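Data file: model.pdb. Format and content: PDB, C-alpha atoms, pLDDT in the B column.
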```pdb
ATOM      1  CA  MET S   1       0.000   0.000   0.000  1.00 40.00           C
ATOM      2  CA  ALA S   2       2.815   2.411   0.787  1.00 41.00           C
ATOM      3  CA  ALA S   3       4.086   1.944  -2.770  1.00 44.00           C
ATOM      4  CA  LEU S   4       0.786   3.316  -4.088  1.00 44.00           C
ATOM      5  CA  ALA S   5       1.002   6.493  -1.995  1.00 45.00           C
ATOM      6  CA  GLY S   6       3.711   8.012  -4.203  1.00 47.00           C
ATOM      7  CA  TRP S   7       2.244   6.731  -7.455  1.00 46.00           C
ATOM      8  CA  THR S   8       1.623   9.400 -10.096  1.00 46.00           C
ATOM      9  CA  TRP S   9       0.124   9.539 -13.548  1.00 41.00           C
ATOM     10  CA  PRO S  10       3.104   9.669 -15.948  1.00 45.00           C
ATOM     11  CA  GLY S  11       3.946  13.256 -16.889  1.00 38.00           C
ATOM     12  CA  LEU S  12       1.273  14.857 -14.720  1.00 35.00           C
ATOM     13  CA  GLY S  13       3.093  14.986 -11.413  1.00 36.00           C
ATOM     14  CA  VAL S  14      -0.119  14.930  -9.358  1.00 43.00           C
ATOM     15  CA  VAL S  15      -0.129  13.024  -6.081  1.00 55.00           C
ATOM     16  CA  GLY S  16      -2.252  12.225  -3.057  1.00 69.00           C
ATOM     17  CA  SER S  17      -5.964  12.902  -3.322  1.00 81.00           C
ATOM     18  CA  TYR S  18      -5.769  13.592  -7.057  1.00 85.00           C
ATOM     19  CA  ASN S  19      -4.407  10.092  -7.597  1.00 87.00           C
ATOM     20  CA  ALA S  20      -7.231   8.696  -5.506  1.00 89.00           C
ATOM     21  CA  ILE S  21      -9.818  10.596  -7.583  1.00 91.00           C
ATOM     22  CA  LEU S  22      -8.206   9.528 -10.866  1.00 92.00           C
ATOM     23  CA  LEU S  23      -8.065   5.912  -9.681  1.00 93.00           C
ATOM     24  CA  GLY S  24     -11.760   5.928  -8.778  1.00 94.00           C
ATOM     25  CA  ALA S  25     -12.705   7.543 -12.116  1.00 95.00           C
ATOM     26  CA  PHE S  26     -10.540   5.060 -14.037  1.00 95.00           C
ATOM     27  CA  ASN S  27     -12.231   2.176 -12.208  1.00 95.00           C
ATOM     28  CA  ALA S  28     -15.620   3.657 -13.161  1.00 95.00           C
ATOM     29  CA  ILE S  29     -14.637   3.611 -16.847  1.00 96.00           C
ATOM     30  CA  VAL S  30     -13.511  -0.009 -16.515  1.00 95.00           C
ATOM     31  CA  ILE S  31     -16.793  -0.971 -14.809  1.00 93.00           C
ATOM     32  CA  GLU S  32     -18.950   0.696 -17.469  1.00 93.00           C
ATOM     33  CA  THR S  33     -16.906  -0.978 -20.220  1.00 95.00           C
ATOM     34  CA  GLU S  34     -17.352  -4.350 -18.510  1.00 93.00           C
ATOM     35  CA  PHE S  35     -21.106  -3.768 -18.247  1.00 91.00           C
ATOM     36  CA  LEU S  36     -21.292  -3.137 -21.983  1.00 93.00           C
ATOM     37  CA  LEU S  37     -19.187  -6.215 -22.731  1.00 94.00           C
ATOM     38  CA  PHE S  38     -21.413  -8.377 -20.520  1.00 91.00           C
ATOM     39  CA  GLU S  39     -24.463  -7.068 -22.365  1.00 92.00           C
ATOM     40  CA  LYS S  40     -22.926  -8.006 -25.719  1.00 92.00           C
ATOM     41  CA  ILE S  41     -21.586 -11.406 -24.621  1.00 94.00           C
ATOM     42  CA  PHE S  42     -24.776 -12.538 -22.867  1.00 93.00           C
ATOM     43  CA  CYS S  43     -27.262 -10.760 -25.188  1.00 92.00           C
ATOM     44  CA  ALA S  44     -28.660  -8.923 -22.168  1.00 87.00           C
ATOM     45  CA  GLU S  45     -30.200  -5.475 -21.901  1.00 84.00           C
ATOM     46  CA  GLY S  46     -30.209  -2.806 -19.223  1.00 78.00           C
ATOM     47  CA  ILE S  47     -26.860  -3.570 -17.595  1.00 81.00           C
ATOM     48  CA  ALA S  48     -25.071  -0.559 -19.087  1.00 83.00           C
ATOM     49  CA  ALA S  49     -26.722   2.852 -19.137  1.00 83.00           C
ATOM     50  CA  HIS S  50     -26.607   2.918 -22.959  1.00 85.00           C
ATOM     51  CA  PRO S  51     -25.515   0.434 -25.668  1.00 90.00           C
ATOM     52  CA  ASN S  52     -22.980   2.949 -27.039  1.00 91.00           C
ATOM     53  CA  LEU S  53     -19.924   3.221 -24.746  1.00 94.00           C
ATOM     54  CA  ILE S  54     -19.351   6.923 -25.470  1.00 94.00           C
ATOM     55  CA  VAL S  55     -22.973   7.811 -24.673  1.00 90.00           C
ATOM     56  CA  ASP S  56     -22.840   5.505 -21.638  1.00 91.00           C
ATOM     57  CA  LEU S  57     -19.798   7.365 -20.293  1.00 95.00           C
ATOM     58  CA  ILE S  58     -21.405  10.757 -21.018  1.00 94.00           C
ATOM     59  CA  LEU S  59     -24.423   9.606 -19.001  1.00 91.00           C
ATOM     60  CA  THR S  60     -22.588   8.056 -16.055  1.00 93.00           C
ATOM     61  CA  MET S  61     -19.172   9.647 -15.580  1.00 95.00           C
ATOM     62  CA  PRO S  62     -20.339  12.992 -14.154  1.00 95.00           C
ATOM     63  CA  TRP S  63     -21.971  11.159 -11.229  1.00 94.00           C
ATOM     64  CA  TYR S  64     -19.025   8.802 -10.762  1.00 95.00           C
ATOM     65  CA  ILE S  65     -16.438  11.589 -10.814  1.00 96.00           C
ATOM     66  CA  LEU S  66     -18.416  13.817  -8.443  1.00 96.00           C
ATOM     67  CA  MET S  67     -19.135  10.878  -6.132  1.00 95.00           C
ATOM     68  CA  VAL S  68     -15.469   9.823  -6.010  1.00 95.00           C
ATOM     69  CA  PHE S  69     -14.252  13.432  -5.698  1.00 94.00           C
ATOM     70  CA  THR S  70     -16.560  14.109  -2.742  1.00 95.00           C
ATOM     71  CA  PHE S  71     -15.832  10.732  -1.149  1.00 94.00           C
ATOM     72  CA  VAL S  72     -12.081  11.386  -1.356  1.00 92.00           C
ATOM     73  CA  LYS S  73     -12.492  14.851   0.182  1.00 90.00           C
ATOM     74  CA  VAL S  74     -14.609  13.379   2.991  1.00 91.00           C
ATOM     75  CA  GLN S  75     -12.125  10.533   3.506  1.00 89.00           C
ATOM     76  CA  GLN S  76      -9.311  13.058   3.945  1.00 85.00           C
ATOM     77  CA  HIS S  77     -11.099  14.476   7.007  1.00 86.00           C
ATOM     78  CA  ARG S  78     -12.764  11.338   8.345  1.00 89.00           C
ATOM     79  CA  ARG S  79     -11.463   7.851   7.689  1.00 89.00           C
ATOM     80  CA  PHE S  80     -13.918   5.025   7.257  1.00 91.00           C
ATOM     81  CA  SER S  81     -13.059   1.365   7.739  1.00 91.00           C
ATOM     82  CA  SER S  82     -12.887  -0.884   4.672  1.00 91.00           C
ATOM     83  CA  ALA S  83     -16.145  -2.556   5.722  1.00 92.00           C
ATOM     84  CA  THR S  84     -17.839   0.843   5.948  1.00 93.00           C
ATOM     85  CA  VAL S  85     -16.445   1.852   2.553  1.00 93.00           C
ATOM     86  CA  LEU S  86     -17.825  -1.380   1.054  1.00 92.00           C
ATOM     87  CA  PHE S  87     -21.244  -0.594   2.514  1.00 91.00           C
ATOM     88  CA  LEU S  88     -21.062   3.019   1.311  1.00 93.00           C
ATOM     89  CA  GLY S  89     -20.203   1.807  -2.188  1.00 91.00           C
ATOM     90  CA  GLY S  90     -23.412  -0.224  -2.217  1.00 89.00           C
ATOM     91  CA  PHE S  91     -25.356   2.661  -0.720  1.00 90.00           C
ATOM     92  CA  TYR S  92     -24.081   5.079  -3.377  1.00 92.00           C
ATOM     93  CA  GLU S  93     -25.147   2.666  -6.100  1.00 88.00           C
ATOM     94  CA  LEU S  94     -28.550   2.278  -4.480  1.00 87.00           C
ATOM     95  CA  GLY S  95     -28.895   6.056  -4.867  1.00 87.00           C
ATOM     96  CA  GLY S  96     -27.407   6.253  -8.362  1.00 87.00           C
ATOM     97  CA  ASP S  97     -28.907   3.210 -10.022  1.00 83.00           C
ATOM     98  CA  GLY S  98     -31.685   2.332  -7.608  1.00 81.00           C
ATOM     99  CA  ILE S  99     -33.321   5.724  -7.302  1.00 85.00           C
ATOM    100  CA  VAL S 100     -32.036   7.942 -10.134  1.00 86.00           C
ATOM    101  CA  GLY S 101     -31.933   5.000 -12.574  1.00 80.00           C
ATOM    102  CA  SER S 102     -35.514   4.153 -11.709  1.00 81.00           C
ATOM    103  CA  LEU S 103     -36.584   7.780 -12.186  1.00 82.00           C
ATOM    104  CA  MET S 104     -35.127   7.646 -15.696  1.00 78.00           C
ATOM    105  CA  GLY S 105     -37.563   4.793 -16.321  1.00 77.00           C
ATOM    106  CA  ILE S 106     -40.164   7.511 -16.826  1.00 77.00           C
ATOM    107  CA  PHE S 107     -38.699   7.972 -20.309  1.00 75.00           C
ATOM    108  CA  ASP S 108     -39.104   4.337 -21.395  1.00 74.00           C
ATOM    109  CA  GLY S 109     -42.118   3.278 -19.338  1.00 75.00           C
ATOM    110  CA  SER S 110     -40.175   1.150 -16.832  1.00 76.00           C
ATOM    111  CA  PHE S 111     -40.694   3.445 -13.825  1.00 76.00           C
ATOM    112  CA  GLN S 112     -40.983   1.214 -10.729  1.00 80.00           C
ATOM    113  CA  LEU S 113     -39.598   3.300  -7.868  1.00 77.00           C
ATOM    114  CA  PHE S 114     -42.705   3.030  -5.688  1.00 79.00           C
ATOM    115  CA  THR S 115     -43.399  -0.696  -5.993  1.00 84.00           C
ATOM    116  CA  LEU S 116     -42.693  -3.309  -3.327  1.00 88.00           C
ATOM    117  CA  GLU S 117     -41.252  -5.692  -5.928  1.00 87.00           C
ATOM    118  CA  TYR S 118     -38.714  -3.096  -6.983  1.00 83.00           C
ATOM    119  CA  TRP S 119     -37.426  -2.512  -3.453  1.00 85.00           C
ATOM    120  CA  LEU S 120     -37.276  -6.257  -2.747  1.00 88.00           C
ATOM    121  CA  MET S 121     -35.161  -6.613  -5.882  1.00 85.00           C
ATOM    122  CA  MET S 122     -32.952  -3.696  -4.752  1.00 84.00           C
ATOM    123  CA  ALA S 123     -32.477  -5.317  -1.322  1.00 85.00           C
ATOM    124  CA  GLY S 124     -31.525  -8.618  -2.963  1.00 84.00           C
ATOM    125  CA  MET S 125     -29.042  -6.963  -5.296  1.00 82.00           C
ATOM    126  CA  PHE S 126     -27.470  -4.726  -2.648  1.00 78.00           C
ATOM    127  CA  LEU S 127     -24.992  -7.265  -1.279  1.00 76.00           C
ATOM    128  CA  TRP S 128     -24.221  -9.202  -4.462  1.00 79.00           C
ATOM    129  CA  VAL S 129     -24.216  -6.490  -7.108  1.00 83.00           C
ATOM    130  CA  PHE S 130     -24.198  -2.986  -5.674  1.00 83.00           C
ATOM    131  CA  ILE S 131     -21.387  -3.385  -3.148  1.00 87.00           C
ATOM    132  CA  PRO S 132     -18.839  -4.956  -5.541  1.00 87.00           C
ATOM    133  CA  VAL S 133     -19.560  -2.522  -8.383  1.00 86.00           C
ATOM    134  CA  TYR S 134     -19.396   0.855  -6.635  1.00 87.00           C
ATOM    135  CA  SER S 135     -16.870  -0.299  -4.050  1.00 89.00           C
ATOM    136  CA  SER S 136     -14.388  -0.672  -6.875  1.00 90.00           C
ATOM    137  CA  MET S 137     -14.735   3.096  -7.329  1.00 93.00           C
ATOM    138  CA  VAL S 138     -14.376   4.106  -3.660  1.00 93.00           C
ATOM    139  CA  LEU S 139     -12.346   1.379  -1.941  1.00 91.00           C
ATOM    140  CA  PRO S 140      -9.078   1.715  -3.934  1.00 91.00           C
ATOM    141  CA  PRO S 141      -9.076   5.517  -3.431  1.00 89.00           C
ATOM    142  CA  ALA S 142      -9.673   4.908   0.291  1.00 89.00           C
ATOM    143  CA  TRP S 143      -6.639   2.592   0.331  1.00 88.00           C
ATOM    144  CA  LEU S 144      -4.521   5.351  -1.220  1.00 83.00           C
ATOM    145  CA  ILE S 145      -5.720   7.943   1.275  1.00 82.00           C
ATOM    146  CA  VAL S 146      -5.159   5.697   4.297  1.00 80.00           C
ATOM    147  CA  THR S 147      -1.407   5.812   3.586  1.00 77.00           C
ATOM    148  CA  ALA S 148      -1.358   9.518   4.543  1.00 77.00           C
ATOM    149  CA  ASP S 149      -1.250  10.749   8.116  1.00 78.00           C
ATOM    150  CA  PRO S 150      -4.634  10.282   9.815  1.00 77.00           C
ATOM    151  CA  PRO S 151      -6.654  13.453  10.371  1.00 81.00           C
ATOM    152  CA  LYS S 152      -8.101  14.601  13.652  1.00 85.00           C
ATOM    153  CA  PRO S 153     -11.735  13.385  13.520  1.00 80.00           C
ATOM    154  CA  PRO S 154     -14.207  16.242  13.022  1.00 85.00           C
ATOM    155  CA  SER S 155     -16.965  16.869  15.544  1.00 88.00           C
ATOM    156  CA  THR S 156     -19.731  16.308  12.971  1.00 88.00           C
ATOM    157  CA  PRO S 157     -21.455  12.908  12.827  1.00 92.00           C
ATOM    158  CA  ALA S 158     -19.831  10.300  10.574  1.00 92.00           C
ATOM    159  CA  TRP S 159     -23.122   9.568   8.801  1.00 93.00           C
ATOM    160  CA  SER S 160     -23.435  13.166   7.586  1.00 93.00           C
ATOM    161  CA  ALA S 161     -19.966  12.970   6.041  1.00 93.00           C
ATOM    162  CA  ALA S 162     -20.759   9.597   4.474  1.00 95.00           C
ATOM    163  CA  LEU S 163     -23.899  11.009   2.818  1.00 95.00           C
ATOM    164  CA  LYS S 164     -22.178  14.006   1.190  1.00 96.00           C
ATOM    165  CA  PRO S 165     -21.503  12.218  -2.151  1.00 96.00           C
ATOM    166  CA  MET S 166     -25.239  11.487  -2.409  1.00 95.00           C
ATOM    167  CA  LEU S 167     -26.000  15.218  -2.603  1.00 96.00           C
ATOM    168  CA  TRP S 168     -24.678  15.205  -6.177  1.00 96.00           C
ATOM    169  CA  LEU S 169     -27.614  12.985  -7.196  1.00 94.00           C
ATOM    170  CA  ILE S 170     -29.905  16.013  -7.188  1.00 94.00           C
ATOM    171  CA  PRO S 171     -28.114  17.998  -9.935  1.00 95.00           C
ATOM    172  CA  PHE S 172     -27.126  14.731 -11.632  1.00 95.00           C
ATOM    173  CA  THR S 173     -30.810  13.836 -12.046  1.00 92.00           C
ATOM    174  CA  GLY S 174     -31.389  17.189 -13.772  1.00 93.00           C
ATOM    175  CA  TYR S 175     -28.343  16.569 -15.983  1.00 94.00           C
ATOM    176  CA  LEU S 176     -29.701  13.150 -16.993  1.00 91.00           C
ATOM    177  CA  ILE S 177     -33.114  14.552 -17.799  1.00 90.00           C
ATOM    178  CA  VAL S 178     -31.565  17.176 -20.087  1.00 92.00           C
ATOM    179  CA  ILE S 179     -29.305  14.576 -21.769  1.00 90.00           C
ATOM    180  CA  MET S 180     -32.212  12.150 -22.235  1.00 84.00           C
ATOM    181  CA  LEU S 181     -34.367  14.906 -23.771  1.00 88.00           C
ATOM    182  CA  VAL S 182     -31.524  15.783 -26.156  1.00 90.00           C
ATOM    183  CA  ILE S 183     -31.072  12.105 -27.106  1.00 83.00           C
ATOM    184  CA  PHE S 184     -34.805  11.752 -27.762  1.00 83.00           C
ATOM    185  CA  ALA S 185     -34.877  14.982 -29.784  1.00 89.00           C
ATOM    186  CA  VAL S 186     -31.899  13.939 -31.894  1.00 89.00           C
ATOM    187  CA  SER S 187     -33.035  10.347 -32.431  1.00 84.00           C
ATOM    188  CA  GLY S 188     -36.535  11.496 -33.360  1.00 68.00           C
TER     189      GLY S 188
END
```

Translate the structure of the given file into C-alpha coordinates.
Amino acid sequence: MAALAGWTWPGLGVVGSYNAILLGAFNAIVIETEFLLFEKIFCAEGIAAHPNLIVDLILTMPWYILMVFTFVKVQQHRRFSSATVLFLGGFYELGGDGIVGSLMGIFDGSFQLFTLEYWLMMAGMFLWVFIPVYSSMVLPPAWLIVTADPPKPPSTPAWSAALKPMLWLIPFTGYLIVIMLVIFAVSG
(Lines of atoms letter the chains of each structure in order from A and count residues from 1; the text may use other names and numbers.)
(Lines give C-alpha, C1' and ligand atoms only; values in the text may rest on other atoms or scores of the structure.)
Protein backbone atom coordinates (compact mmCIF):
# COMPACT_ATOMS: atom_id res chain seq x y z
CA MET A 1 0.00 0.00 0.00
CA ALA A 2 2.82 2.41 0.79
CA ALA A 3 4.09 1.94 -2.77
CA LEU A 4 0.79 3.32 -4.09
CA ALA A 5 1.00 6.49 -1.99
CA GLY A 6 3.71 8.01 -4.20
CA TRP A 7 2.24 6.73 -7.46
CA THR A 8 1.62 9.40 -10.10
CA TRP A 9 0.12 9.54 -13.55
CA PRO A 10 3.10 9.67 -15.95
CA GLY A 11 3.95 13.26 -16.89
CA LEU A 12 1.27 14.86 -14.72
CA GLY A 13 3.09 14.99 -11.41
CA VAL A 14 -0.12 14.93 -9.36
CA VAL A 15 -0.13 13.02 -6.08
CA GLY A 16 -2.25 12.23 -3.06
CA SER A 17 -5.96 12.90 -3.32
CA TYR A 18 -5.77 13.59 -7.06
CA ASN A 19 -4.41 10.09 -7.60
CA ALA A 20 -7.23 8.70 -5.51
CA ILE A 21 -9.82 10.60 -7.58
CA LEU A 22 -8.21 9.53 -10.87
CA LEU A 23 -8.06 5.91 -9.68
CA GLY A 24 -11.76 5.93 -8.78
CA ALA A 25 -12.70 7.54 -12.12
CA PHE A 26 -10.54 5.06 -14.04
CA ASN A 27 -12.23 2.18 -12.21
CA ALA A 28 -15.62 3.66 -13.16
CA ILE A 29 -14.64 3.61 -16.85
CA VAL A 30 -13.51 -0.01 -16.51
CA ILE A 31 -16.79 -0.97 -14.81
CA GLU A 32 -18.95 0.70 -17.47
CA THR A 33 -16.91 -0.98 -20.22
CA GLU A 34 -17.35 -4.35 -18.51
CA PHE A 35 -21.11 -3.77 -18.25
CA LEU A 36 -21.29 -3.14 -21.98
CA LEU A 37 -19.19 -6.21 -22.73
CA PHE A 38 -21.41 -8.38 -20.52
CA GLU A 39 -24.46 -7.07 -22.36
CA LYS A 40 -22.93 -8.01 -25.72
CA ILE A 41 -21.59 -11.41 -24.62
CA PHE A 42 -24.78 -12.54 -22.87
CA CYS A 43 -27.26 -10.76 -25.19
CA ALA A 44 -28.66 -8.92 -22.17
CA GLU A 45 -30.20 -5.47 -21.90
CA GLY A 46 -30.21 -2.81 -19.22
CA ILE A 47 -26.86 -3.57 -17.60
CA ALA A 48 -25.07 -0.56 -19.09
CA ALA A 49 -26.72 2.85 -19.14
CA HIS A 50 -26.61 2.92 -22.96
CA PRO A 51 -25.52 0.43 -25.67
CA ASN A 52 -22.98 2.95 -27.04
CA LEU A 53 -19.92 3.22 -24.75
CA ILE A 54 -19.35 6.92 -25.47
CA VAL A 55 -22.97 7.81 -24.67
CA ASP A 56 -22.84 5.51 -21.64
CA LEU A 57 -19.80 7.37 -20.29
CA ILE A 58 -21.40 10.76 -21.02
CA LEU A 59 -24.42 9.61 -19.00
CA THR A 60 -22.59 8.06 -16.06
CA MET A 61 -19.17 9.65 -15.58
CA PRO A 62 -20.34 12.99 -14.15
CA TRP A 63 -21.97 11.16 -11.23
CA TYR A 64 -19.03 8.80 -10.76
CA ILE A 65 -16.44 11.59 -10.81
CA LEU A 66 -18.42 13.82 -8.44
CA MET A 67 -19.14 10.88 -6.13
CA VAL A 68 -15.47 9.82 -6.01
CA PHE A 69 -14.25 13.43 -5.70
CA THR A 70 -16.56 14.11 -2.74
CA PHE A 71 -15.83 10.73 -1.15
CA VAL A 72 -12.08 11.39 -1.36
CA LYS A 73 -12.49 14.85 0.18
CA VAL A 74 -14.61 13.38 2.99
CA GLN A 75 -12.13 10.53 3.51
CA GLN A 76 -9.31 13.06 3.94
CA HIS A 77 -11.10 14.48 7.01
CA ARG A 78 -12.76 11.34 8.35
CA ARG A 79 -11.46 7.85 7.69
CA PHE A 80 -13.92 5.03 7.26
CA SER A 81 -13.06 1.36 7.74
CA SER A 82 -12.89 -0.88 4.67
CA ALA A 83 -16.14 -2.56 5.72
CA THR A 84 -17.84 0.84 5.95
CA VAL A 85 -16.44 1.85 2.55
CA LEU A 86 -17.82 -1.38 1.05
CA PHE A 87 -21.24 -0.59 2.51
CA LEU A 88 -21.06 3.02 1.31
CA GLY A 89 -20.20 1.81 -2.19
CA GLY A 90 -23.41 -0.22 -2.22
CA PHE A 91 -25.36 2.66 -0.72
CA TYR A 92 -24.08 5.08 -3.38
CA GLU A 93 -25.15 2.67 -6.10
CA LEU A 94 -28.55 2.28 -4.48
CA GLY A 95 -28.89 6.06 -4.87
CA GLY A 96 -27.41 6.25 -8.36
CA ASP A 97 -28.91 3.21 -10.02
CA GLY A 98 -31.68 2.33 -7.61
CA ILE A 99 -33.32 5.72 -7.30
CA VAL A 100 -32.04 7.94 -10.13
CA GLY A 101 -31.93 5.00 -12.57
CA SER A 102 -35.51 4.15 -11.71
CA LEU A 103 -36.58 7.78 -12.19
CA MET A 104 -35.13 7.65 -15.70
CA GLY A 105 -37.56 4.79 -16.32
CA ILE A 106 -40.16 7.51 -16.83
CA PHE A 107 -38.70 7.97 -20.31
CA ASP A 108 -39.10 4.34 -21.40
CA GLY A 109 -42.12 3.28 -19.34
CA SER A 110 -40.17 1.15 -16.83
CA PHE A 111 -40.69 3.45 -13.82
CA GLN A 112 -40.98 1.21 -10.73
CA LEU A 113 -39.60 3.30 -7.87
CA PHE A 114 -42.71 3.03 -5.69
CA THR A 115 -43.40 -0.70 -5.99
CA LEU A 116 -42.69 -3.31 -3.33
CA GLU A 117 -41.25 -5.69 -5.93
CA TYR A 118 -38.71 -3.10 -6.98
CA TRP A 119 -37.43 -2.51 -3.45
CA LEU A 120 -37.28 -6.26 -2.75
CA MET A 121 -35.16 -6.61 -5.88
CA MET A 122 -32.95 -3.70 -4.75
CA ALA A 123 -32.48 -5.32 -1.32
CA GLY A 124 -31.52 -8.62 -2.96
CA MET A 125 -29.04 -6.96 -5.30
CA PHE A 126 -27.47 -4.73 -2.65
CA LEU A 127 -24.99 -7.27 -1.28
CA TRP A 128 -24.22 -9.20 -4.46
CA VAL A 129 -24.22 -6.49 -7.11
CA PHE A 130 -24.20 -2.99 -5.67
CA ILE A 131 -21.39 -3.39 -3.15
CA PRO A 132 -18.84 -4.96 -5.54
CA VAL A 133 -19.56 -2.52 -8.38
CA TYR A 134 -19.40 0.85 -6.64
CA SER A 135 -16.87 -0.30 -4.05
CA SER A 136 -14.39 -0.67 -6.88
CA MET A 137 -14.74 3.10 -7.33
CA VAL A 138 -14.38 4.11 -3.66
CA LEU A 139 -12.35 1.38 -1.94
CA PRO A 140 -9.08 1.71 -3.93
CA PRO A 141 -9.08 5.52 -3.43
CA ALA A 142 -9.67 4.91 0.29
CA TRP A 143 -6.64 2.59 0.33
CA LEU A 144 -4.52 5.35 -1.22
CA ILE A 145 -5.72 7.94 1.28
CA VAL A 146 -5.16 5.70 4.30
CA THR A 147 -1.41 5.81 3.59
CA ALA A 148 -1.36 9.52 4.54
CA ASP A 149 -1.25 10.75 8.12
CA PRO A 150 -4.63 10.28 9.81
CA PRO A 151 -6.65 13.45 10.37
CA LYS A 152 -8.10 14.60 13.65
CA PRO A 153 -11.73 13.38 13.52
CA PRO A 154 -14.21 16.24 13.02
CA SER A 155 -16.96 16.87 15.54
CA THR A 156 -19.73 16.31 12.97
CA PRO A 157 -21.45 12.91 12.83
CA ALA A 158 -19.83 10.30 10.57
CA TRP A 159 -23.12 9.57 8.80
CA SER A 160 -23.44 13.17 7.59
CA ALA A 161 -19.97 12.97 6.04
CA ALA A 162 -20.76 9.60 4.47
CA LEU A 163 -23.90 11.01 2.82
CA LYS A 164 -22.18 14.01 1.19
CA PRO A 165 -21.50 12.22 -2.15
CA MET A 166 -25.24 11.49 -2.41
CA LEU A 167 -26.00 15.22 -2.60
CA TRP A 168 -24.68 15.21 -6.18
CA LEU A 169 -27.61 12.99 -7.20
CA ILE A 170 -29.91 16.01 -7.19
CA PRO A 171 -28.11 18.00 -9.94
CA PHE A 172 -27.13 14.73 -11.63
CA THR A 173 -30.81 13.84 -12.05
CA GLY A 174 -31.39 17.19 -13.77
CA TYR A 175 -28.34 16.57 -15.98
CA LEU A 176 -29.70 13.15 -16.99
CA ILE A 177 -33.11 14.55 -17.80
CA VAL A 178 -31.57 17.18 -20.09
CA ILE A 179 -29.31 14.58 -21.77
CA MET A 180 -32.21 12.15 -22.24
CA LEU A 181 -34.37 14.91 -23.77
CA VAL A 182 -31.52 15.78 -26.16
CA ILE A 183 -31.07 12.11 -27.11
CA PHE A 184 -34.81 11.75 -27.76
CA ALA A 185 -34.88 14.98 -29.78
CA VAL A 186 -31.90 13.94 -31.89
CA SER A 187 -33.03 10.35 -32.43
CA GLY A 188 -36.54 11.50 -33.36

Taking into account only C-alpha atoms, which residue in the set S:Val100, S:Ala20, S:Leu94, S:Val138 is nearest to Met122 in chain S?
S:Leu94

All residues 12 Å or closer to range 48-57 of chain S, all atoms listed in the file, same chain fewer than 3 positions away omitted, as a ChimeraX atom specification:
/S:25-26,28-40,43-45,60-65,96-97,100-102,104-105,176,179-180,182-183

Given the file shown, enumerate the residues that the PyMOL selection byres ((chain S and resi 158-160) around 12) captures and present them as a ChimeraX atom specification.
/S:71,74-75,77-81,84-85,88,91,153-157,161-167

Could you tell me how far CA of Asp108 in chain S lies from CA of Phe184 in chain S, in Å and to one decimal?
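About the pair CA of Asp108 in chain S and CA of Phe184 in chain S: they are 10.7 Å apart.
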
Would you work out the distance separating CA of Phe130 in chain S from CA of Ile47 in chain S, expressed in Å to one decimal?
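Going from CA of Phe130 in chain S over to CA of Ile47 in chain S covers 12.2 Å.
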
Looking at S:Ile41, S:Leu59, S:Asn19, S:Pro132, which one is nearest to Tyr175 in chain S, with distances taken over only C-alpha atoms?
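With only C-alpha atoms as the atom set, the closest residue is S:Leu59.
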
What does the distance from CA of Leu127 in chain S to CA of Gly98 in chain S come to in Å, to one decimal?
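That distance, rounded to one decimal, is 13.3 Å.
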
Nearest to Gly89 in chain S: which of S:Phe69, S:Tyr134, S:Trp128, S:Tyr118 is it, counting all atoms listed in the file?
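Among the listed residues, the smallest separation from Gly89 in chain S belongs to S:Tyr134.
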
Using 4 Å of padding on each side, determine the axis-aligned box around all atoms of range 52-70 of chain S present in the file and give its centre and edge lengths in Å to one decimal, as JSON.
```
{"center_x": -19.3, "center_y": 8.5, "center_z": -14.9, "size_x": 18.2, "size_y": 19.2, "size_z": 32.3}
```

Running the PyMOL selection byres ((chain S and resi 139) around 8) on this model by hand, what would come out? Give it as a PyMOL selection string.
chain S and resi 82+85-86+89+135-138+140-143

Top pick for closest residue to Phe172 in chain S, considering S:Gly95, S:Gly24, S:Gly90, S:Gly109 and counting only C-alpha atoms
S:Gly95
